[in-house]
Amino acid sequence: MSSPRTATAPATSSPVSTGRAVFALAMGGFAIGTTEFAIMGLLQNVAGGLGISIPAGGQLISAYALGVVDGAPVLAALGARVPRKYMGVGLMAMFTLANLSSVLAPDFGTMLVTRFLSGLPHGAYFGIAAVIAAPLAAPARRAQAVAMVMPGLSVANVIGVPAVTWLGQNHGWRLMFLAVALIGAVTVVLVLRWVPFQPVHEGASIRRELGSLKRGQVWLALLTGIVGFGGFFAVYSYISPTMTLVTGLPEAALPLIVGLYGL
């Protein structure tokens, strides 16, 4: 997403209103982080429930990742002319509906589609959340405001994922998606209430959004992320069977294991 210019940025808000807006945006990150990682701790449960093998269940994780990769640049470009607040609301509403569809998915093929749809808003949401948060703070604190949006993802790894893993183990793995959808719905309400309206950035366009891909440093950053996260997810995706079938730990220990992995 394009970075806001100081000359056209709206006036900074009070500390209370800024804090509320940042919290609302961080809630979206919490929901996204929870649905992205919780399925890894419940992979065996999901595979058993759908009547598929564990390697086939891993494709559900890949489907979400493909949604992230495809959705981030496409939705960011298409939303260049949409007011930031409404773009954030729309992305989180899309995320919520996609997770609700996962609750109802009757078979493996349908679940693959719903997981792909759930991943589409992921990257674009974090981009628009950062762009919204920056001008809410004083110029000297804008980097801090952007950083405060991201802890939602970190908290999800330490608290949300273990909690939802426990919930799925004890009360059915589909409740994982329902819990995430509820968090997404709460985020929509909070963003509508607490995030101030920001006009469309002057000169915003699809061409401008894609123009950053002409820079070599952008591609180097992307390649770094590909290598780093590729290795990370290669391990994390199969942490459930690794810990239970290979290491021999009880399934009840998985909420603690994924929490430690999140740390």
# chains A, B, ... in the order shown; residues from 1 in each chain; ligands from 1
>>> closest_atom_pairs(of="segment 148-170 of chain A", to="segment 108-132 of chain A", cutoff="12 Å", atoms="only C-alpha atoms", output="CSV")
residue,atom,partner,partner_atom,distance
A:Met148,CA,A:Ala130,CA,9.1
A:Val149,CA,A:Ala130,CA,6.8
A:Met150,CA,A:Phe126,CA,7.8
A:Pro151,CA,A:Phe126,CA,11.3
A:Gly152,CA,A:Phe126,CA,10.4
A:Leu153,CA,A:Phe126,CA,9.8
>>> closest_residue(among="A:Gly71, A:Val46, A:Pro196, A:Ala185", to="Gln59 of chain A", atoms="only C-alpha atoms")
A:Val46
>>> closest_residue(among="A:Ala143, A:Ala105, A:Val74, A:Leu178", to="Gly49 of chain A", atoms="only C-alpha atoms")
A:Ala105
>>> closest_residue(among="A:Ala147, A:Val68, A:Ala133, A:Ile226", to="Leu25 of chain A", atoms="only C-alpha atoms")
A:Ala133
